[in-house]
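Data from final07.cif: mmCIF, C-alpha atoms
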data_start
loop_
_atom_site.label_atom_id
_atom_site.label_comp_id
_atom_site.auth_asym_id
_atom_site.auth_seq_id
_atom_site.Cartn_x
_atom_site.Cartn_y
_atom_site.Cartn_z
CA MET G 1 -16.70 15.76 42.51
CA LYS G 2 -15.97 13.67 39.43
CA LYS G 3 -12.48 12.23 39.15
CA ASN G 4 -10.61 13.08 35.94
CA VAL G 5 -9.13 9.95 34.34
CA PHE G 6 -6.82 10.64 31.39
CA VAL G 7 -6.49 7.85 28.82
CA ILE G 8 -3.51 7.92 26.45
CA GLY G 9 -4.33 7.50 22.76
CA LEU G 10 -8.07 7.16 23.20
CA ASP G 11 -9.83 6.15 19.96
CA ASP G 12 -13.47 6.41 18.89
CA HIS G 13 -14.24 2.69 19.39
CA ASN G 14 -13.03 2.63 22.98
CA THR G 15 -14.61 6.02 23.67
CA GLU G 16 -17.99 4.41 23.01
CA ILE G 17 -17.18 1.45 25.25
CA LEU G 18 -16.02 3.75 28.06
CA LYS G 19 -19.44 5.40 28.06
CA THR G 20 -20.84 2.09 29.37
CA LEU G 21 -18.65 2.11 32.49
CA ARG G 22 -20.67 2.11 35.68
CA GLN G 23 -18.25 4.68 37.14
CA VAL G 24 -19.06 6.99 34.20
CA GLN G 25 -22.81 6.44 34.33
CA ASN G 26 -22.85 6.98 38.10
CA GLY G 27 -21.03 10.29 37.71
CA GLU G 28 -17.95 9.12 39.61
CA ILE G 29 -15.38 9.70 36.86
CA LYS G 30 -14.88 11.73 33.70
CA ILE G 31 -12.84 10.11 30.92
CA ARG G 32 -10.47 12.52 29.17
CA ARG G 33 -8.23 12.02 26.15
CA LEU G 34 -4.47 12.38 26.52
CA LEU G 35 -2.90 12.42 23.03
CA ASP G 36 -4.91 11.51 19.96
CA TYR G 37 -5.04 7.94 18.74
CA GLU G 38 -3.17 8.94 15.58
CA GLU G 39 -0.26 10.21 17.69
CA THR G 40 0.20 6.79 19.29
CA HIS G 41 -0.54 4.43 16.38
CA GLY G 42 0.37 3.82 12.77
CA ALA G 43 3.43 6.05 12.64
CA ALA G 44 6.73 5.28 10.94
CA GLU G 45 8.43 6.30 14.18
CA TYR G 46 7.42 7.00 17.78
CA PRO G 47 9.24 10.03 19.27
CA ILE G 48 8.44 8.98 22.82
CA GLU G 49 10.36 11.86 24.41
CA GLU G 50 8.18 14.38 22.57
CA MET G 51 5.06 12.31 23.31
CA LEU G 52 5.88 12.51 27.00
CA ARG G 53 6.62 16.25 26.84
CA LYS G 54 3.30 16.91 25.15
CA SER G 55 1.47 14.77 27.70
CA VAL G 56 3.04 16.76 30.54
CA ARG G 57 2.02 20.04 28.88
CA VAL G 58 -1.57 18.85 28.53
CA LEU G 59 -1.75 17.66 32.13
CA ASN G 60 -0.12 20.81 33.52
CA ASP G 61 -2.44 23.06 31.50
CA PHE G 62 -5.59 21.21 32.56
CA PRO G 63 -7.69 23.57 34.70
CA GLY G 64 -8.95 20.91 37.09
CA PRO G 65 -7.39 18.14 39.19
CA VAL G 66 -5.54 15.37 37.35
CA ASP G 67 -6.60 12.25 39.24
CA ALA G 68 -5.34 9.40 37.05
CA VAL G 69 -3.41 8.54 33.90
CA THR G 70 -3.91 5.15 32.28
CA ALA G 71 -3.96 3.33 28.95
CA PHE G 72 -4.79 0.05 27.24
CA TRP G 73 -2.38 0.17 24.27
CA ASP G 74 0.88 -1.67 23.71
CA PHE G 75 4.34 -0.10 23.51
CA PRO G 76 5.27 2.72 23.61
CA VAL G 77 2.06 3.80 25.37
CA SER G 78 2.35 0.98 27.92
CA CYS G 79 5.68 2.42 29.13
CA MET G 80 4.47 6.02 29.13
CA VAL G 81 1.97 5.25 31.91
CA PRO G 82 4.49 4.45 34.69
CA ILE G 83 6.70 7.37 33.65
CA LEU G 84 3.84 9.87 33.87
CA CYS G 85 2.33 8.32 37.00
CA ALA G 86 5.69 8.53 38.78
CA LYS G 87 5.92 12.24 37.91
CA TYR G 88 2.44 12.96 39.30
CA ASP G 89 2.60 10.49 42.22
CA MET G 90 -0.23 8.29 40.94
CA PRO G 91 -0.65 4.55 41.60
CA THR G 92 0.54 2.11 38.94
CA ALA G 93 3.21 -0.52 38.36
CA SER G 94 6.86 0.57 38.41
CA LEU G 95 8.67 1.16 35.12
CA GLU G 96 11.10 -1.67 35.93
CA SER G 97 8.31 -4.20 36.53
CA VAL G 98 6.64 -3.13 33.28
CA LEU G 99 9.87 -3.57 31.32
CA LYS G 100 10.43 -7.00 32.89
CA CYS G 101 7.26 -7.98 31.06
CA GLU G 102 7.41 -5.83 27.91
CA HIS G 103 11.07 -6.34 26.93
CA LYS G 104 10.83 -9.84 25.48
CA TYR G 105 14.39 -10.92 26.28
CA TRP G 106 14.40 -9.43 29.80
CA SER G 107 11.00 -11.02 30.36
CA ARG G 108 12.25 -14.49 29.35
CA THR G 109 15.25 -14.18 31.67
CA GLU G 110 12.93 -13.34 34.60
CA GLN G 111 10.57 -16.18 33.66
CA ARG G 112 13.49 -18.60 33.60
CA LYS G 113 14.17 -17.78 37.27
CA VAL G 114 10.72 -18.82 38.55
CA ILE G 115 8.89 -20.89 35.90
CA PRO G 116 11.65 -22.47 33.75
CA GLU G 117 9.64 -25.58 32.93
CA TYR G 118 6.90 -23.50 31.28
CA ILE G 119 8.92 -21.49 28.76
CA PRO G 120 10.65 -22.46 25.49
CA GLY G 121 14.37 -22.30 24.81
CA PHE G 122 15.36 -18.83 23.63
CA GLN G 123 18.34 -16.75 22.56
CA SER G 124 18.81 -13.08 21.70
CA PHE G 125 20.47 -12.03 18.45
CA ASP G 126 21.42 -9.03 16.33
CA PRO G 127 19.58 -9.06 12.98
CA PHE G 128 22.35 -6.91 11.48
CA ASP G 129 24.95 -9.57 12.28
CA ASP G 130 25.55 -11.66 9.15
CA ALA G 131 26.68 -14.55 11.35
CA ALA G 132 23.55 -14.44 13.56
CA LEU G 133 21.97 -17.57 12.10
CA ASP G 134 25.11 -19.64 12.63
CA LYS G 135 25.24 -18.49 16.25
CA LEU G 136 21.58 -19.35 16.81
CA ARG G 137 21.97 -22.79 15.27
CA GLN G 138 24.46 -23.69 17.98
CA ASN G 139 21.56 -23.76 20.48
CA LEU G 140 18.34 -23.84 18.44
CA ARG G 141 17.18 -26.21 15.72
CA PHE G 142 14.79 -25.41 12.89
CA PRO G 143 11.99 -24.50 13.08
CA PHE G 144 12.01 -21.57 15.48
CA TRP G 145 10.31 -18.20 15.78
CA ILE G 146 12.05 -14.81 15.54
CA LYS G 147 10.78 -11.37 16.54
CA PRO G 148 12.03 -8.03 17.89
CA ILE G 149 12.54 -7.71 21.63
CA LYS G 150 9.76 -5.11 21.42
CA SER G 151 7.00 -4.76 18.85
CA PHE G 152 3.25 -5.14 19.04
CA GLY G 153 0.80 -7.68 17.74
CA SER G 154 2.63 -10.05 15.41
CA HIS G 155 4.49 -7.31 13.57
CA LEU G 156 7.92 -8.46 12.35
CA GLY G 157 7.43 -11.96 13.75
CA PHE G 158 8.46 -14.85 11.49
CA ARG G 159 8.49 -18.62 11.69
CA ILE G 160 11.88 -19.82 10.45
CA ARG G 161 11.80 -23.34 9.02
CA ASN G 162 15.05 -23.18 7.08
CA GLU G 163 17.77 -20.86 5.82
CA LYS G 164 15.55 -19.60 2.99
CA ASP G 165 12.95 -18.36 5.50
CA TRP G 166 15.73 -16.59 7.38
CA GLN G 167 17.04 -14.87 4.26
CA GLN G 168 13.54 -13.63 3.43
CA ALA G 169 12.71 -12.41 6.94
CA ILE G 170 15.91 -10.63 7.95
CA PRO G 171 15.77 -7.81 5.33
CA VAL G 172 12.19 -7.03 6.41
CA ILE G 173 13.22 -6.86 10.06
CA ARG G 174 16.29 -4.75 9.29
CA GLY G 175 14.22 -2.25 7.33
CA ASN G 176 11.53 -1.74 9.96
CA ILE G 177 12.85 -2.56 13.43
CA GLY G 178 13.97 1.00 14.26
CA THR G 179 10.33 1.99 14.74
CA PHE G 180 10.42 0.26 18.12
CA THR G 181 14.06 -0.04 19.14
CA ASP G 182 14.66 3.72 19.25
CA PRO G 183 11.85 4.51 21.74
CA LEU G 184 12.70 1.39 23.73
CA ASP G 185 16.29 2.59 24.14
CA TYR G 186 14.98 5.88 25.52
CA VAL G 187 12.73 4.13 28.05
CA MET G 188 15.46 1.70 29.12
CA ASP G 189 17.72 4.65 29.94
CA LEU G 190 15.11 5.85 32.47
CA ALA G 191 14.98 2.53 34.31
CA GLU G 192 17.26 0.59 36.64
CA VAL G 193 18.36 -2.26 34.38
CA PRO G 194 20.59 -5.18 35.44
CA GLU G 195 23.93 -5.49 33.66
CA GLU G 196 22.97 -8.78 31.97
CA ILE G 197 20.25 -6.86 30.13
CA ALA G 198 21.85 -3.42 29.81
CA GLY G 199 25.04 -4.95 28.43
CA ASN G 200 23.22 -6.94 25.76
CA ASP G 201 22.85 -4.96 22.52
CA ASP G 202 20.84 -7.65 20.70
CA ILE G 203 17.47 -6.35 19.49
CA CYS G 204 15.76 -9.60 18.47
CA ILE G 205 14.95 -12.91 20.10
CA ALA G 206 14.65 -16.43 18.71
CA GLU G 207 12.48 -18.99 20.48
CA GLU G 208 11.75 -22.67 20.15
CA ILE G 209 8.38 -23.59 18.70
CA ILE G 210 5.68 -24.20 21.30
CA SER G 211 2.26 -25.61 20.56
CA GLY G 212 -1.18 -26.23 21.93
CA ARG G 213 -4.47 -24.42 22.33
CA GLN G 214 -3.81 -20.70 22.69
CA CYS G 215 -5.52 -18.49 25.24
CA THR G 216 -5.09 -15.25 27.16
CA LEU G 217 -5.52 -14.76 30.89
CA GLU G 218 -6.88 -11.31 31.75
CA GLY G 219 -5.96 -10.11 35.21
CA TYR G 220 -4.73 -7.38 37.50
CA VAL G 221 -2.70 -6.86 40.66
CA TYR G 222 -4.07 -4.74 43.49
CA ASN G 223 -1.83 -4.07 46.49
CA GLY G 224 0.11 -7.26 45.83
CA ARG G 225 -2.91 -9.51 45.27
CA VAL G 226 -3.02 -11.11 41.81
CA LYS G 227 -6.48 -11.71 40.35
CA VAL G 228 -7.36 -13.38 37.02
CA TYR G 229 -10.93 -12.51 36.05
CA GLY G 230 -11.28 -14.23 32.67
CA VAL G 231 -9.71 -16.61 30.14
CA VAL G 232 -10.18 -15.89 26.42
CA ASP G 233 -9.47 -18.44 23.67
CA SER G 234 -7.28 -17.21 20.78
CA ILE G 235 -8.27 -19.27 17.76
CA ARG G 236 -6.25 -19.43 14.56
CA TYR G 237 -7.03 -20.53 11.05
CA ALA G 238 -6.17 -24.20 10.54
CA HIS G 239 -2.53 -24.57 9.41
CA LEU G 240 -2.01 -20.79 9.41
CA PRO G 241 -0.44 -18.53 12.06
CA SER G 242 -3.06 -15.76 11.73
CA PHE G 243 -5.84 -15.33 14.26
CA SER G 244 -9.37 -16.19 13.23
CA ARG G 245 -11.07 -14.92 16.38
CA TYR G 246 -10.89 -14.32 20.11
CA GLN G 247 -13.67 -16.09 22.00
CA TYR G 248 -14.94 -15.83 25.57
CA PRO G 249 -15.38 -17.75 27.80
CA SER G 250 -12.63 -20.30 27.19
CA HIS G 251 -13.36 -23.93 26.35
CA LEU G 252 -10.18 -25.14 28.03
CA PRO G 253 -10.65 -27.49 31.02
CA LYS G 254 -10.93 -25.79 34.40
CA THR G 255 -7.92 -27.75 35.64
CA ALA G 256 -5.83 -26.33 32.80
CA GLN G 257 -7.05 -22.81 33.54
CA LYS G 258 -6.17 -23.15 37.23
CA LYS G 259 -2.65 -24.31 36.36
CA MET G 260 -2.06 -21.30 34.09
CA ILE G 261 -3.50 -18.90 36.67
CA GLU G 262 -1.05 -20.15 39.30
CA ILE G 263 1.87 -19.71 36.87
CA ALA G 264 0.76 -16.14 36.14
CA ARG G 265 0.52 -15.38 39.86
CA ARG G 266 4.03 -16.64 40.51
CA LEU G 267 5.48 -14.58 37.68
CA MET G 268 3.70 -11.30 38.43
CA ARG G 269 4.73 -11.49 42.07
CA HIS G 270 8.31 -12.26 41.08
CA VAL G 271 8.68 -9.19 38.83
CA GLY G 272 7.10 -6.91 41.46
CA TYR G 273 4.17 -5.89 39.29
CA ASP G 274 1.39 -4.08 41.18
CA ASN G 275 -1.70 -1.88 40.85
CA ARG G 276 -2.23 -2.36 37.13
CA THR G 277 -3.94 -4.67 34.66
CA PHE G 278 -2.07 -7.34 32.72
CA ASN G 279 -2.70 -10.20 30.35
CA VAL G 280 -0.66 -13.37 29.89
CA GLU G 281 -0.74 -15.44 26.72
CA PHE G 282 -0.35 -19.21 26.94
CA PHE G 283 -0.36 -22.31 24.81
CA TYR G 284 -1.84 -25.36 26.54
CA ASP G 285 -0.70 -28.76 25.28
CA LEU G 286 -3.74 -30.85 26.18
CA LYS G 287 -2.13 -34.13 25.12
CA ASN G 288 0.69 -33.72 27.62
CA ASP G 289 -1.29 -31.57 30.07
CA HIS G 290 1.40 -28.90 29.90
CA PRO G 291 1.14 -25.09 29.66
CA TRP G 292 3.66 -22.93 27.80
CA LEU G 293 3.88 -19.22 28.57
CA LEU G 294 4.04 -17.18 25.38
CA GLU G 295 4.30 -13.60 26.66
CA VAL G 296 3.12 -11.04 29.20
CA ASN G 297 1.46 -7.71 28.34
CA THR G 298 1.24 -4.89 30.87
CA ARG G 299 -2.28 -3.78 30.05
CA MET G 300 -5.80 -5.03 29.70
CA ALA G 301 -6.50 -6.26 26.17
CA GLN G 302 -8.94 -3.72 24.76
CA SER G 303 -9.65 -6.38 22.10
CA HIS G 304 -11.43 -8.37 24.80
CA ALA G 305 -13.33 -5.54 26.49
CA ASP G 306 -16.54 -5.95 24.49
CA LEU G 307 -16.44 -9.73 25.04
CA PHE G 308 -16.52 -9.19 28.81
CA TYR G 309 -19.30 -6.63 28.39
CA LYS G 310 -21.41 -9.09 26.41
CA VAL G 311 -20.86 -12.06 28.73
CA ASP G 312 -20.14 -10.60 32.19
CA GLY G 313 -22.13 -7.38 31.95
CA ALA G 314 -19.29 -4.85 32.18
CA SER G 315 -16.30 -3.81 30.11
CA SER G 316 -12.88 -4.67 31.51
CA HIS G 317 -12.09 -0.96 31.16
CA GLU G 318 -13.80 -0.66 34.57
CA ILE G 319 -10.94 -2.56 36.17
CA MET G 320 -8.39 -0.31 34.47
CA ALA G 321 -10.20 2.81 35.69
CA ASP G 322 -10.50 1.58 39.29
CA LEU G 323 -6.82 0.67 39.52
CA SER G 324 -5.72 4.00 38.05
CA LEU G 325 -7.46 5.69 40.99
CA GLY G 326 -5.99 3.31 43.55
CA GLN G 327 -9.32 1.55 44.08
CA GLU G 328 -9.98 -2.19 44.30
CA PRO G 329 -12.02 -3.42 41.30
CA ASP G 330 -15.46 -4.98 41.79
CA PHE G 331 -16.11 -6.76 38.50
CA PRO G 332 -19.32 -8.72 37.71
CA HIS G 333 -19.38 -12.32 36.46
CA ARG G 334 -21.80 -13.82 33.91
CA GLU G 335 -24.27 -10.96 34.22
CA GLY G 336 -24.26 -10.05 30.51
CA ASP G 337 -26.81 -10.64 27.75
CA TYR G 338 -24.92 -13.46 26.03
CA GLY G 339 -23.43 -16.81 26.96
CA CYS G 340 -20.61 -16.48 24.44
CA ALA G 341 -18.90 -13.65 22.53
CA GLY G 342 -16.22 -13.30 19.88
CA LYS G 343 -13.98 -10.82 18.14
CA PHE G 344 -13.57 -11.96 14.52
CA PHE G 345 -10.86 -10.98 12.04
CA VAL G 346 -12.04 -10.82 8.43
CA ARG G 347 -8.82 -11.55 6.53
CA ALA G 348 -7.24 -11.90 3.12
CA PHE G 349 -4.06 -13.92 2.68
CA ARG G 350 -2.64 -12.39 -0.49
CA ASP G 351 -2.05 -8.79 -1.48
CA GLY G 352 -4.81 -7.32 -3.60
CA THR G 353 -6.98 -4.31 -4.31
CA VAL G 354 -10.12 -3.78 -2.25
CA THR G 355 -13.06 -3.65 -4.68
CA ARG G 356 -16.00 -3.67 -2.28
CA VAL G 357 -16.57 -2.39 1.26
CA PRO G 358 -20.04 -2.34 2.84
CA THR G 359 -21.73 1.06 2.98
CA GLU G 360 -22.80 2.69 6.24
CA GLN G 361 -26.38 1.75 5.37
CA ARG G 362 -25.37 -1.88 4.83
CA ILE G 363 -23.58 -1.92 8.18
CA ALA G 364 -26.64 -0.39 9.87
CA GLU G 365 -28.80 -3.13 8.34
CA ALA G 366 -26.36 -5.75 9.62
CA LYS G 367 -26.62 -4.33 13.14
CA GLU G 368 -30.41 -4.65 12.96
CA ARG G 369 -30.09 -8.27 11.87
CA PHE G 370 -27.48 -9.10 14.51
CA PRO G 371 -28.07 -7.24 17.81
CA GLY G 372 -24.86 -6.34 19.62
CA LEU G 373 -22.81 -6.36 16.41
CA ILE G 374 -19.86 -3.97 16.16
CA VAL G 375 -18.22 -3.53 12.74
CA GLN G 376 -14.80 -1.93 12.27
CA PRO G 377 -13.80 -1.76 8.58
CA MET G 378 -10.02 -1.53 8.24
CA VAL G 379 -9.92 -0.89 4.48
CA ARG G 380 -11.51 1.35 1.88
CA GLU G 381 -12.41 0.71 -1.73
CA GLY G 382 -9.50 1.06 -4.15
CA MET G 383 -6.71 0.63 -1.61
CA SER G 384 -3.99 -1.99 -1.86
CA LEU G 385 -3.79 -4.33 1.12
CA SER G 386 -0.03 -3.83 1.25
CA GLN G 387 -0.73 -0.23 2.35
CA LEU G 388 -2.00 -1.50 5.71
CA LEU G 389 0.42 -0.93 8.58
CA TYR G 390 1.48 -3.39 11.28
CA GLN G 391 -0.26 -6.52 10.03
CA ASP G 392 1.03 -9.94 10.99
CA SER G 393 3.56 -11.37 8.55
CA TYR G 394 1.11 -13.71 6.81
CA SER G 395 -2.19 -11.91 6.19
CA TYR G 396 -4.14 -8.65 6.00
CA TYR G 397 -7.32 -7.96 7.89
CA LEU G 398 -10.19 -6.27 6.14
CA ALA G 399 -12.46 -5.76 9.12
CA ILE G 400 -13.09 -6.64 12.75
CA LEU G 401 -16.48 -7.88 13.94
CA TYR G 402 -17.65 -8.21 17.55
CA MET G 403 -20.63 -10.51 18.11
CA GLY G 404 -22.47 -12.24 20.95
CA ALA G 405 -24.59 -15.41 20.99
CA ARG G 406 -26.04 -18.13 23.22
CA ASN G 407 -23.17 -20.54 22.57
CA GLU G 408 -20.26 -21.20 20.22
CA ARG G 409 -22.30 -22.91 17.51
CA ASP G 410 -24.78 -20.04 17.40
CA LEU G 411 -21.90 -17.54 17.41
CA LEU G 412 -20.21 -19.10 14.38
CA LYS G 413 -23.50 -19.36 12.52
CA LYS G 414 -24.15 -15.67 13.12
CA TYR G 415 -20.65 -14.74 12.02
CA ASN G 416 -20.82 -16.63 8.73
CA GLU G 417 -24.20 -15.09 7.94
CA CYS G 418 -22.97 -11.61 8.86
CA VAL G 419 -19.75 -11.72 6.86
CA ASP G 420 -21.66 -12.95 3.80
CA PHE G 421 -24.12 -10.10 4.25
CA LEU G 422 -21.36 -7.47 4.53
CA ASP G 423 -19.56 -8.93 1.48
CA PHE G 424 -16.05 -7.47 1.53
CA GLN G 425 -14.32 -8.18 -1.79
CA VAL G 426 -10.69 -8.04 -2.94
CA THR G 427 -9.11 -8.52 -6.37
CA ASP G 428 -6.13 -10.83 -5.93
CA LEU G 429 -3.17 -9.13 -7.60
CA GLY G 430 -1.65 -12.48 -8.48
CA HIS G 431 -4.70 -13.94 -10.18
CA GLY G 432 -6.99 -11.05 -11.07
CA ALA G 433 -10.00 -12.78 -9.52
CA GLU G 434 -12.53 -11.49 -7.03
CA THR G 435 -11.96 -13.22 -3.69
CA ARG G 436 -13.50 -13.10 -0.24
CA GLN G 437 -11.99 -13.79 3.16
CA LEU G 438 -11.29 -17.35 4.24
CA PRO G 439 -13.94 -18.93 6.48
CA ASN G 440 -13.21 -19.34 10.16
CA ALA G 441 -12.40 -22.68 11.74
CA ASP G 442 -15.54 -24.10 13.33
CA PHE G 443 -13.89 -25.02 16.62
CA PRO G 444 -10.69 -24.19 18.53
CA ILE G 445 -7.65 -25.81 16.93
CA GLU G 446 -4.20 -26.81 18.08
CA ALA G 447 -1.73 -24.10 17.13
CA SER G 448 1.99 -24.59 16.68
CA ILE G 449 4.01 -21.44 16.78
CA GLY G 450 6.59 -19.67 18.87
CA GLY G 451 6.56 -16.19 20.28
CA GLU G 452 3.62 -14.70 18.39
CA SER G 453 0.92 -12.63 20.04
#
Same coordinates, now as structure tokens:
Amino acid sequence: MKKNVFVIGLDDHNTEILKTLRQVQNGEIKIRRLLDYEETHGAAEYPIEEMLRKSVRVLNDFPGPVDAVTAFWDFPVSCMVPILCAKYDMPTASLESVLKCEHKYWSRTEQRKVIPEYIPGFQSFDPFDDAALDKLRQNLRFPFWIKPIKSFGSHLGFRIRNEKDWQQAIPVIRGNIGTFTDPLDYVMDLAEVPEEIAGNDDICIAEEIISGRQCTLEGYVYNGRVKVYGVVDSIRYAHLPSFSRYQYPSHLPKTAQKKMIEIARRLMRHVGYDNRTFNVEFFYDLKNDHPWLLEVNTRMAQSHADLFYKVDGASSHEIMADLSLGQEPDFPHREGDYGCAGKFFVRAFRDGTVTRVPTEQRIAEAKERFPGLIVQPMVREGMSLSQLLYQDSYSYYLAILYMGARNERDLLKKYNECVDFLDFQVTDLGHGAETRQLPNADFPIEASIGGES
């Protein structure tokens, strides 16, 4: 009999990827949606208590067996999984171990216990405290990075170079931070939280700037055994904090990758994380041969799933599905159709009005030209870029492209040809001129930032 695997917030893009799973094609599992994507993304607020109640109603009303509940989205979905799995006695990581990774201040305090030499200096603060900057300056020097203790992506993250940057960032944080702090408070009340965390009412964190080549380790823990199955490079635009692309496999030296893998193993064991996927973001300072841990996410990165499919021959969703059923994953390696794959962000760096978006026919023609291409437009003609929700603090993305190639040079050549063919256009509100997205950096660059993901 097929096992029923419920996925929280399943969207159309990932629905298509899940169809490629060997477990699905072999008739072993049936993927089922638990809450619509729109209920878990893009809202002004996330009533997590009601989201959980609705999930329980759906699961209780399901006529067949409920074999697994899982997800690949960030907070609050990431914390719903252990709550629901505990109720239905399903395997996954404990809520406390998830929060030790997801809650950015709690996570840093745990990291400091086992890998202190690999994390930046940090301090929590209250953005509603008018004296917060003075308190931070007692321990941190400009520049530093500030962000909420829980958000997703780079939303509400700011690089603070001086007092002017602070004065510009704080009102934005104050006006939007409740979207995440309210549901986080609810989840924290369900967990066993140490007094040093429970007694701290600060809702933001400031961190020293760390730098190097950025990458993400994708892994999982099964019955206490930590496994990293891939390293993905996170490449930014030169001199800008916004991502240009994610690229797999990584170009970082194998010795550097091994060092980061060992750090990740030590940390995941320390926090008691088990039977679930994770990813850990690092900066690697090649000049000084030193890794810096940026943050830990308690999920597989669905952004990378198609990259693994193109290069290794299977989507990393397979690992997520196996673990949700209490099974040990058996993931292929370098059995895909491509030697290299990338997820590209087509961006604009000023607000403007979208004046041209490729038609469905144009996208279909692009897919014929570039086999394996996936196009996800994020805008529509006539919209203002400022209408887009949850962008990073420095840019807007117009579209996402997934592509595969023989190698990096071929990949970048294909991307530049494809983005020219699709021809997104925006009228810059400040200048009234038609502009296109900035080109991508040709090769991985050194990034210098703190606390952004």
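Distances here use only C-alpha atoms; by that measure, the residue among G:Ser107, G:Ser97, G:Asn26, G:Ser244 closest to G:Asn275 is G:Ser97.
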Using the chain letters and numbers from this file, what does the PyMOL selection byres ((chain G and resi 399-401) around 9) select? Give the answer as a count of residues only.
20
Please indicate the distance in Å from atom CA of G:Leu184 to atom CA of G:Phe125, rounded to one decimal place.
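Here the two named atoms are 16.4 Å from each other.
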For the file shown, what are the residues hit by the PyMOL selection byres ((chain G and resi 186-203) around 6), laid out as number ranges by chain?
G: 96, 124-126, 148-149, 183-185, 204
Pick out the closest residue to G:Ser324 from this set: G:Asp285, G:Glu208, G:Asp67, G:Glu218. Count only C-alpha atoms.
G:Asp67
Quick one, how far is atom CA of G:Ile115 from atom CA of G:Arg266?
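Distance reported for this atom pair: 7.9 Å.
Considering all atoms listed in the file, the residue among G:Gln247, G:Ser211, G:Asn297, G:Asn162 positioned nearest to G:Lys104 is G:Asn297.
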Rounded to one decimal in Å, what is the spacing between atom CA of G:Gly9 and atom CA of G:Tyr46?
12.8 Å
Assuming the chain letters and numbering stay as they are in my file, what does the PyMOL selection byres ((chain G and resi 354) around 10) actually select? List them as a list in words.
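When the PyMOL selection byres ((chain G and resi 354) around 10) is applied, the selected residues are Asp351, Gly352, Thr353, Thr355, Arg356, Val357, Val379, Arg380, Glu381, Gly382, Met383, Ser384, Leu385, Leu398, Phe424, Gln425, Val426, Thr427, Asp428, Glu434 and Thr435 of chain G.
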Please produce a file of the residues just selected, as a PDB file, in the coordinates of the input, where the atoms kept are C-alpha atoms.
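Final output, saved to again-v3.pdb:
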ATOM      1  CA  ASP G 351      -2.050  -8.790  -1.480  1.00  0.00           C
ATOM      2  CA  GLY G 352      -4.810  -7.320  -3.600  1.00  0.00           C
ATOM      3  CA  THR G 353      -6.980  -4.310  -4.310  1.00  0.00           C
ATOM      4  CA  THR G 355     -13.060  -3.650  -4.680  1.00  0.00           C
ATOM      5  CA  ARG G 356     -16.000  -3.670  -2.280  1.00  0.00           C
ATOM      6  CA  VAL G 357     -16.570  -2.390   1.260  1.00  0.00           C
ATOM      7  CA  VAL G 379      -9.920  -0.890   4.480  1.00  0.00           C
ATOM      8  CA  ARG G 380     -11.510   1.350   1.880  1.00  0.00           C
ATOM      9  CA  GLU G 381     -12.410   0.710  -1.730  1.00  0.00           C
ATOM     10  CA  GLY G 382      -9.500   1.060  -4.150  1.00  0.00           C
ATOM     11  CA  MET G 383      -6.710   0.630  -1.610  1.00  0.00           C
ATOM     12  CA  SER G 384      -3.990  -1.990  -1.860  1.00  0.00           C
ATOM     13  CA  LEU G 385      -3.790  -4.330   1.120  1.00  0.00           C
ATOM     14  CA  LEU G 398     -10.190  -6.270   6.140  1.00  0.00           C
ATOM     15  CA  PHE G 424     -16.050  -7.470   1.530  1.00  0.00           C
ATOM     16  CA  GLN G 425     -14.320  -8.180  -1.790  1.00  0.00           C
ATOM     17  CA  VAL G 426     -10.690  -8.040  -2.940  1.00  0.00           C
ATOM     18  CA  THR G 427      -9.110  -8.520  -6.370  1.00  0.00           C
ATOM     19  CA  ASP G 428      -6.130 -10.830  -5.930  1.00  0.00           C
ATOM     20  CA  GLU G 434     -12.530 -11.490  -7.030  1.00  0.00           C
ATOM     21  CA  THR G 435     -11.960 -13.220  -3.690  1.00  0.00           C
TER      22      THR G 435
END
Counting all atoms listed in the file, figure out which residue out of G:Arg112, G:Arg174, G:Lys310, G:His239 gets nearest to G:Lys147.
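Looking only at the distances to G:Lys147, the closest residue turns out to be G:Arg174.
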Within 9 Å of (-4.0, -17.1, 12.3), only C-alpha atoms: residues as a ChimeraX atom specification?
/G:235-245,392,394-395,447
Would you mind exporting the chosen residues as a compact mmCIF listing (two decimals), in the frame of the given file, restricted to C-alpha atoms?
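Generated file (result.txt):
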# COMPACT_ATOMS: atom_id res chain seq x y z
CA ILE G 235 -8.27 -19.27 17.76
CA ARG G 236 -6.25 -19.43 14.56
CA TYR G 237 -7.03 -20.53 11.05
CA ALA G 238 -6.17 -24.20 10.54
CA HIS G 239 -2.53 -24.57 9.41
CA LEU G 240 -2.01 -20.79 9.41
CA PRO G 241 -0.44 -18.53 12.06
CA SER G 242 -3.06 -15.76 11.73
CA PHE G 243 -5.84 -15.33 14.26
CA SER G 244 -9.37 -16.19 13.23
CA ARG G 245 -11.07 -14.92 16.38
CA ASP G 392 1.03 -9.94 10.99
CA TYR G 394 1.11 -13.71 6.81
CA SER G 395 -2.19 -11.91 6.19
CA ALA G 447 -1.73 -24.10 17.13
Using only C-alpha atoms, which residue out of G:Ala405, G:Cys340, G:Ala366, G:Ile48 lies closest to G:Thr181?
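Looking only at the distances to G:Thr181, the closest residue turns out to be G:Ile48.
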Between G:Lys87, G:Arg299, G:Arg406, G:His290, which has the minimum distance to G:Tyr248 (counting all atoms listed in the file)?
G:Arg406
Selection near stretch 49-63 of chain G, 9 Å with all atoms listed in the file, sequence-local residues under 6 positions removed, as a list in words
Phe6, Ile8, Leu34, Leu35, Glu39, Thr40, Met80, Ile83, Leu84, Pro183, Tyr186 and Val187 of chain G
Could you give me, as number ranges by chain, the residues within 10 Å of G:Val311, counting only C-alpha atoms and dropping anything in the same chain fewer than 3 positions from it?
G: 248-249, 306-308, 314-315, 332-341, 404-406
